[in-house]
Structures are given as C-alpha cells and as structure tokens.
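Chemist: Data: structure-v9.cif, mmCIF, C-alpha atoms.
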data_structure
loop_
_atom_site.label_atom_id
_atom_site.label_comp_id
_atom_site.auth_asym_id
_atom_site.auth_seq_id
_atom_site.Cartn_x
_atom_site.Cartn_y
_atom_site.Cartn_z
CA MET A 911 0.00 0.00 0.00
CA ALA A 912 2.83 2.39 0.84
CA ASP A 913 4.45 1.79 -2.58
CA SER A 914 1.14 2.49 -4.33
CA THR A 915 0.61 5.71 -2.38
CA HIS A 916 4.17 6.86 -3.12
CA PHE A 917 3.77 6.18 -6.84
CA ALA A 918 0.43 8.01 -6.93
CA THR A 919 1.99 11.04 -5.22
CA ILE A 920 4.86 11.13 -7.74
CA LEU A 921 2.41 10.77 -10.62
CA VAL A 922 0.22 13.68 -9.46
CA THR A 923 3.25 15.90 -8.82
CA MET A 924 4.86 15.24 -12.20
CA VAL A 925 1.61 15.57 -14.17
CA PHE A 926 1.03 18.94 -12.41
CA PHE A 927 4.58 19.97 -13.36
CA GLN A 928 3.89 18.98 -16.95
CA PHE A 929 0.79 21.18 -16.94
CA LEU A 930 2.70 24.16 -15.51
CA THR A 931 5.51 23.90 -18.04
CA GLY A 932 3.13 23.55 -20.97
CA LEU A 933 4.69 20.44 -22.47
CA SER A 934 2.76 18.92 -25.36
CA SER A 935 1.81 15.26 -25.59
CA THR A 936 2.12 12.34 -27.98
CA MET A 937 -0.74 9.93 -28.60
CA PHE A 938 -0.19 6.18 -28.62
CA LYS A 939 -3.11 4.20 -30.05
CA ILE A 940 -2.62 0.60 -28.93
CA ALA A 941 -4.64 -2.00 -30.85
CA ASN A 942 -5.09 -5.76 -30.40
CA LYS A 943 -5.63 -7.74 -33.61
CA CYS A 944 -4.73 -11.05 -31.94
CA ASN A 945 -7.46 -13.63 -31.42
CA TYR A 946 -6.66 -13.66 -27.69
CA THR A 947 -6.59 -11.08 -24.91
CA VAL A 948 -3.46 -8.95 -24.57
CA TRP A 949 -2.61 -6.91 -21.47
CA PRO A 950 -0.38 -3.98 -22.60
CA GLY A 951 2.21 -2.64 -20.16
CA ILE A 952 3.93 0.76 -20.21
CA PHE A 953 7.23 1.62 -18.51
CA SER A 954 8.71 5.11 -18.22
CA GLY A 955 12.51 5.39 -18.11
CA THR A 956 14.34 6.94 -15.18
CA GLY A 957 13.75 10.69 -14.88
CA ASN A 958 10.77 10.69 -17.25
CA LEU A 959 7.30 11.95 -16.56
CA PRO A 960 5.11 8.90 -15.90
CA VAL A 961 2.16 7.89 -18.04
CA SER A 962 -1.22 8.05 -16.30
CA ILE A 963 -2.06 4.43 -17.14
CA THR A 964 0.57 1.68 -17.08
CA GLY A 965 -1.44 -1.48 -17.70
CA PHE A 966 -4.83 -2.56 -19.01
CA ALA A 967 -6.58 -5.34 -20.93
CA LEU A 968 -7.42 -5.37 -24.63
CA GLN A 969 -9.84 -7.97 -25.91
CA PRO A 970 -9.48 -9.12 -29.55
CA GLY A 971 -10.36 -6.22 -31.84
CA GLU A 972 -10.16 -3.57 -29.09
CA SER A 973 -7.92 -0.51 -28.99
CA LYS A 974 -7.10 2.21 -26.48
CA THR A 975 -5.44 5.62 -26.89
CA VAL A 976 -2.90 6.64 -24.26
CA THR A 977 -1.43 10.12 -23.81
CA VAL A 978 2.35 10.14 -23.39
CA PRO A 979 4.53 13.20 -22.57
CA SER A 980 6.23 14.49 -25.72
CA ALA A 981 9.69 14.38 -24.08
CA TRP A 982 9.56 10.78 -22.88
CA SER A 983 11.45 7.53 -23.16
CA GLY A 984 10.23 4.09 -22.24
CA HIS A 985 8.81 0.76 -23.35
CA VAL A 986 5.41 -0.57 -24.41
CA TRP A 987 4.77 -4.31 -24.60
CA GLY A 988 2.07 -6.95 -24.48
CA ARG A 989 1.50 -9.39 -21.64
CA THR A 990 -0.18 -12.72 -22.37
CA LEU A 991 -1.84 -15.53 -20.44
CA CYS A 992 -2.63 -13.33 -17.47
CA SER A 993 -4.76 -14.25 -14.47
CA GLN A 994 -5.56 -13.31 -10.89
CA ASP A 995 -5.13 -15.79 -8.05
CA SER A 996 -7.37 -16.31 -5.03
CA THR A 997 -5.52 -13.62 -3.08
CA GLY A 998 -6.06 -11.03 -5.82
CA LYS A 999 -2.48 -11.09 -7.15
CA PHE A 1000 -2.32 -10.50 -10.92
CA SER A 1001 0.41 -12.13 -13.01
CA CYS A 1002 1.15 -13.14 -16.60
CA VAL A 1003 3.02 -16.04 -18.17
CA THR A 1004 4.80 -13.71 -20.64
CA GLY A 1005 5.70 -10.04 -20.26
CA ASN A 1006 4.94 -10.04 -16.54
CA CYS A 1007 6.04 -6.88 -14.73
CA GLY A 1008 5.89 -8.19 -11.16
CA SER A 1009 3.54 -5.53 -9.79
CA PHE A 1010 0.91 -8.16 -8.91
CA SER A 1011 -1.72 -5.81 -10.32
CA LEU A 1012 -3.18 -4.87 -13.70
CA GLU A 1013 -1.07 -1.69 -13.78
CA CYS A 1014 2.71 -2.09 -13.89
CA ALA A 1015 3.18 1.08 -11.78
CA GLY A 1016 6.83 1.76 -12.62
CA ARG A 1017 7.93 -1.84 -13.17
CA ASN A 1018 9.46 -3.04 -16.43
CA ALA A 1019 8.72 -6.20 -18.41
CA ASN A 1020 10.31 -9.53 -17.55
CA PRO A 1021 11.90 -11.23 -20.60
CA PRO A 1022 11.38 -12.87 -22.94
CA VAL A 1023 9.22 -10.09 -24.39
CA THR A 1024 8.77 -8.06 -27.56
CA LEU A 1025 9.30 -4.36 -26.79
CA ALA A 1026 8.34 -1.15 -28.55
CA VAL A 1027 11.14 1.21 -27.47
CA PHE A 1028 10.76 4.99 -27.68
CA THR A 1029 12.79 8.12 -27.05
CA LEU A 1030 10.49 11.02 -27.90
CA ASN A 1031 11.68 14.52 -28.74
CA GLY A 1032 15.34 13.57 -28.43
CA THR A 1033 18.36 14.85 -30.35
CA GLY A 1034 17.30 17.45 -32.90
CA GLY A 1035 13.71 17.14 -31.71
CA LEU A 1036 13.38 13.71 -33.30
CA ASP A 1037 11.59 10.68 -31.93
CA LEU A 1038 13.70 7.51 -32.00
CA PHE A 1039 11.79 4.22 -31.97
CA ASP A 1040 12.16 0.54 -32.77
CA VAL A 1041 10.61 -2.87 -32.23
CA SER A 1042 13.15 -4.71 -30.09
CA LEU A 1043 13.80 -8.44 -29.75
CA VAL A 1044 16.88 -7.90 -27.61
CA GLU A 1045 14.90 -9.26 -24.65
CA GLY A 1046 13.41 -12.07 -26.74
CA PHE A 1047 9.95 -12.42 -28.28
CA ASN A 1048 6.46 -13.13 -27.00
CA ILE A 1049 4.00 -11.48 -29.39
CA PRO A 1050 4.03 -9.97 -32.91
CA MET A 1051 4.06 -6.16 -32.88
CA ARG A 1052 4.06 -3.25 -35.31
CA VAL A 1053 4.81 0.44 -34.62
CA GLU A 1054 3.55 2.95 -37.19
CA PRO A 1055 4.07 6.72 -37.01
CA LYS A 1056 1.03 8.86 -37.81
CA GLY A 1057 1.25 12.44 -39.04
CA GLY A 1058 5.00 12.78 -38.46
CA THR A 1059 7.71 14.16 -40.69
CA GLY A 1060 11.15 12.83 -41.55
CA ILE A 1061 13.31 11.62 -44.39
CA GLY A 1062 13.84 7.96 -45.20
CA ASN A 1063 13.10 6.15 -41.96
CA CYS A 1064 9.98 7.89 -40.64
CA ARG A 1065 7.98 4.76 -41.36
CA ALA A 1066 6.54 1.67 -39.74
CA THR A 1067 8.66 -1.09 -38.25
CA SER A 1068 7.58 -4.47 -36.97
CA CYS A 1069 8.13 -8.05 -36.07
CA ALA A 1070 4.84 -9.14 -37.56
CA VAL A 1071 5.28 -12.92 -37.59
CA ASP A 1072 4.69 -15.24 -34.64
CA LEU A 1073 8.09 -16.75 -33.82
CA ASN A 1074 6.96 -18.91 -30.91
CA GLY A 1075 6.25 -22.05 -32.90
CA ALA A 1076 9.50 -21.98 -34.90
CA CYS A 1077 11.64 -20.86 -31.94
CA PRO A 1078 14.74 -23.06 -31.44
CA ALA A 1079 14.16 -25.66 -28.73
CA LYS A 1080 16.92 -24.23 -26.53
CA LEU A 1081 15.15 -20.85 -26.42
CA LYS A 1082 11.50 -21.89 -26.44
CA VAL A 1083 9.26 -21.20 -23.43
CA ILE A 1084 6.54 -23.86 -23.29
CA ARG A 1085 3.21 -23.72 -21.49
CA ASP A 1086 0.80 -26.68 -21.68
CA GLY A 1087 2.72 -28.09 -24.62
CA GLU A 1088 2.64 -24.86 -26.64
CA GLY A 1089 5.44 -22.40 -27.34
CA VAL A 1090 4.38 -19.07 -25.79
CA ALA A 1091 7.66 -17.10 -25.94
CA CYS A 1092 11.18 -17.26 -27.35
CA LYS A 1093 14.21 -16.30 -25.26
CA SER A 1094 17.01 -14.15 -26.62
CA ALA A 1095 20.42 -15.76 -26.86
CA CYS A 1096 22.10 -12.35 -26.77
CA CYS A 1097 24.10 -11.00 -23.85
CA CYS A 1098 25.12 -7.36 -24.35
CA SER A 1099 27.99 -7.97 -26.74
CA LYS A 1100 28.92 -6.50 -30.12
CA THR A 1101 29.79 -10.04 -31.24
CA CYS A 1102 26.26 -11.16 -30.44
CA LYS A 1103 25.22 -10.56 -34.06
CA ALA A 1104 27.26 -13.62 -35.10
CA ASN A 1105 25.18 -15.87 -32.87
CA SER A 1106 23.13 -18.30 -34.98
CA TYR A 1107 20.13 -17.95 -32.67
CA LEU A 1108 20.10 -14.19 -33.24
CA GLN A 1109 20.19 -14.78 -36.98
CA PHE A 1110 16.92 -16.70 -36.54
CA PHE A 1111 15.33 -13.49 -35.23
CA LYS A 1112 16.95 -11.27 -37.88
CA ARG A 1113 15.90 -13.42 -40.79
CA ALA A 1114 12.31 -13.52 -39.57
CA CYS A 1115 12.13 -9.82 -38.65
CA PRO A 1116 14.84 -7.93 -40.58
CA GLY A 1117 13.57 -4.49 -39.53
CA ALA A 1118 13.52 -5.30 -35.81
CA TYR A 1119 16.30 -4.44 -33.36
CA VAL A 1120 17.53 -7.90 -32.38
CA TYR A 1121 20.88 -7.40 -30.61
CA PRO A 1122 22.77 -4.53 -28.92
CA TYR A 1123 24.35 -2.16 -31.46
CA ASP A 1124 21.98 -3.43 -34.17
CA ASN A 1125 21.75 -0.02 -35.80
CA GLY A 1126 21.34 0.84 -39.47
CA ILE A 1127 17.92 -0.29 -40.73
CA SER A 1128 16.67 -1.09 -37.22
CA ASN A 1129 16.45 2.52 -35.95
CA PHE A 1130 13.59 4.78 -37.01
CA THR A 1131 13.10 8.51 -36.49
CA CYS A 1132 10.22 10.95 -36.88
CA ALA A 1133 9.32 14.46 -35.78
CA SER A 1134 5.94 15.48 -34.34
CA ALA A 1135 4.30 12.09 -34.81
CA ASP A 1136 1.66 10.11 -32.98
CA TYR A 1137 1.96 6.31 -33.04
CA LEU A 1138 -0.20 3.27 -33.75
CA LEU A 1139 1.05 0.16 -31.91
CA THR A 1140 -0.59 -3.05 -33.09
CA PHE A 1141 -0.32 -6.52 -31.57
CA CYS A 1142 -0.62 -9.32 -34.15
CA PRO A 1143 -0.71 -6.82 -37.05
CA THR A 1144 -1.34 -9.61 -39.57
CA SER A 1145 -3.96 -11.27 -37.34
CA THR A 1146 -1.59 -14.14 -36.59
CA PRO A 1147 -3.54 -17.32 -35.70
CA SER A 1148 -2.92 -18.73 -32.23
CA THR A 1149 -4.50 -21.23 -29.86
CA ARG A 1150 -3.50 -19.13 -26.85
#
Represent the structure from my file as structure tokens, please.
Modeler:
Amino acid sequence: MADSTHFATILVTMVFFQFLTGLSSTMFKIANKCNYTVWPGIFSGTGNLPVSITGFALQPGESKTVTVPSAWSGHVWGRTLCSQDSTGKFSCVTGNCGSFSLECAGRNANPPVTLAVFTLNGTGGLDLFDVSLVEGFNIPMRVEPKGGTGIGNCRATSCAVDLNGACPAKLKVIRDGEGVACKSACCCSKTCKANSYLQFFKRACPGAYVYPYDNGISNFTCASADYLLTFCPTSTPSTR
C-alpha cells in the first residue's frame, strides 16, 4: 500500500509539473488484432514523466489511446496468459512486470518479451523508436508513425510474424505443450550478431532491433508524430 501511495503522489506531482511547463503530448493508439486477450504494459525510463495508465486489458479487436509526454522515453509491450489468483495477485506467463496488479506502476517487463522502445523529442527534436527483440519475443508487434515528418526512416517497423512455434528448442518457453515465448540468446555484446540464434530473429524480422548495437535499418526517427502500436498486425492465428 505504501508503494502504491508513493507512486500516486509522484504521478500527481509530475503531471502537475507537466501542466505548468506547458509540455505537449504524444498519442499512442494501442490495438489488439490477436485472437486472444493482450494486457499492454507501459514503462517510463528513469527521470521521465510517468504515463497516467501503465497497464490494461485489450480484448481481440479492441484498442485504447494513451497520452504520453512528448519528451519521454520508455517501453510498451504486451503481456499474455494473465490471471488473478485467489488472493487477488495478478500475473502473466509472458511479459509479466511483477507488480501483482493490472497496472505495472513503474515496473518493467520480464523477458522474454517483444518491446516497442521509444525516445520522444530527443536529439534534434526527433523521436527515435524501434521494435526490439533484444529481450526475446512473446507477441508480434508493429509500430507505425502517424502524421509525423522525416526523411527515409519515418515509417513503420515491426516483427509481424509469430516466432513462438519456430523458436529453437533451446530458447523456447513452453506452457501446456505450446510455445508461448522465445528467449534471446544475446548477452550485451557487439559479437552477439554472429550468434546463430540471433540470426533466426533477424531473418524472420529484418527491420527489428535484435541485438545490442543493431543499428542501421533497425532505428527509425520521426518528428511530431503520434503512433499506432498493433499486436498481431497480420492477425496471426494462435490457440493461446
């Protein structure tokens, strides 16, 4: 209870500060095209203004728009196979953030998990974003800028295919006989790109950021954009 009260106090204070300083906002529309429920989570990086909602449920076909401070960095991801136990504690098989509640309240995702990574209004006023598999994979995701400007790489990026079934056995996370996530074999090294397991991710999702220092075609920039984040953008079938 004390942690919840402390977080709420910080949230109110920082939102009030945002209002006083007149900072604008960015809109994230988060949509679920999977044929199963997804519980999005949102994490704000250290020193960033928090987002007013940090976790919620999206049924198949549902979407929700979230307001994010324009000068913000953090992660958005999807949790799957979530439930609440008899004591009221909420948890998920993949993407769990360990808050034991629907909202992640300042806690980041536990790998393996597909991440949408953002730094908004950074160097030169540009937003930097990518779909990252550095922490592994749990759900297909697409990030598409809306209304932004930029040259060359102000465009959508994704890992739109479901990698869980084809995931190498050494990396596969299995639940009730089904692959539900795929661990990353990478460990913070520039030589990681030579790892054959990482090449599995890169071949399947060439535009995704799959290992540290995976720059080039994996980084995307826009100015003054809003963003559409879609889970299962190609309506990937699943028995989940």
Chemist: Pick from A:Thr977, A:Asn1048, A:Asn958, A:Asn1018: nearest to Phe1141 (chain A), with all atoms listed in the file counted?
Modeler: A:Asn1048
Chemist: With the PyMOL selection byres ((chain A and resi 1126-1130) around 9) as the selection, what would be picked from this file? Answer as an MDAnalysis selection string, please.
Modeler: chainID A and resid 1037:1042 1062:1067 1116:1120 1124:1125 1131:1132
Chemist: Closest to Val976 (chain A) among A:Thr1059, A:Ser996, A:Thr936, A:Gln1109, using all atoms listed in the file?
Modeler: A:Thr936
Chemist: Record the distance separating CA of Ser983 (chain A) and CA of Pro1143 (chain A), expressed in Å with one decimal.
Modeler: 23.4 Å
Chemist: Under the rule that all atoms listed in the file are counted, which of A:Val1003, A:Val961, A:Val1027, A:Ile1084 is the nearest residue to Glu1045 (chain A)?
Modeler: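 The closest residue to Glu1045 (chain A) is A:Val1027.
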Chemist: Kindly provide, as a list of chain:residue names, the polymer residues lying within 7 Å of (2.8, -16.7, -24.0), counting all atoms listed in the file and using the coordinates exactly as they appear in the file.
Modeler: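 Residues found, by chain and rising number: A:Thr990, A:Leu991, A:Val1003, A:Thr1004, A:Asn1048, A:Val1090, A:Ala1091.
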Chemist: Applied to the shown file, which residues does the PyMOL selection byres ((chain A and resi 1044) around 10) return, written as a ChimeraX atom specification?
Modeler: /A:1021-1025,1041-1043,1045-1047,1093-1098,1108,1111,1118-1122,1124
Chemist: To one decimal place in Å, what is the distance between CA of Ile963 (chain A) and CA of Phe1000 (chain A)?
Modeler: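 Interatomic distance, CA of Ile963 (chain A) to CA of Phe1000 (chain A): 16.2 Å.
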Chemist: Report the residues retrieved by the PyMOL selection byres ((chain A and resi 935) around 10) from the displayed file, expressed as a VMD selection string.
Modeler: chain A and resid 928 932 to 934 936 to 938 976 to 982 1030 1134 1136
Chemist: Between A:Pro1078, A:Gly971, A:Gly957, A:Gly1005, which residue has the minimum interatomic distance to Ala1019 (chain A), considering all atoms listed in the file?
Modeler: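 Selected residue with least distance to Ala1019 (chain A): A:Gly1005.
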Chemist: To one decimal place, how far is CA of Glu1054 (chain A) from CA of Thr1140 (chain A) in Å?
Modeler: 8.4 Å
Chemist: Would you please work out which residue, of A:Gly1035, A:Trp987, A:Gly1087, A:Glu972, is nearest to Pro950 (chain A) when using all atoms listed in the file?
Modeler: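 Using all atoms listed in the file, Pro950 (chain A) sits closest to A:Trp987.
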Chemist: Might you pull out every residue within 9 Å of Leu1012 (chain A), with all atoms listed in the file counted and same-chain residues fewer than 4 positions away left off, and present them as a list of chain:residue names?
Modeler: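 Final neighbour list, sorted by chain and number: A:Trp949, A:Gly951, A:Thr964, A:Gly965, A:Phe966, A:Ala967, A:Phe1000, A:Ser1001.
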Chemist: From the set A:Leu959, A:Val1083, A:Leu1036, A:Ala1114, which residue has the shortest atom-to-atom contact distance to Gly1016 (chain A), counting all atoms listed in the file?
Modeler: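 Ranked by minimum distance to Gly1016 (chain A), first place goes to A:Leu959.
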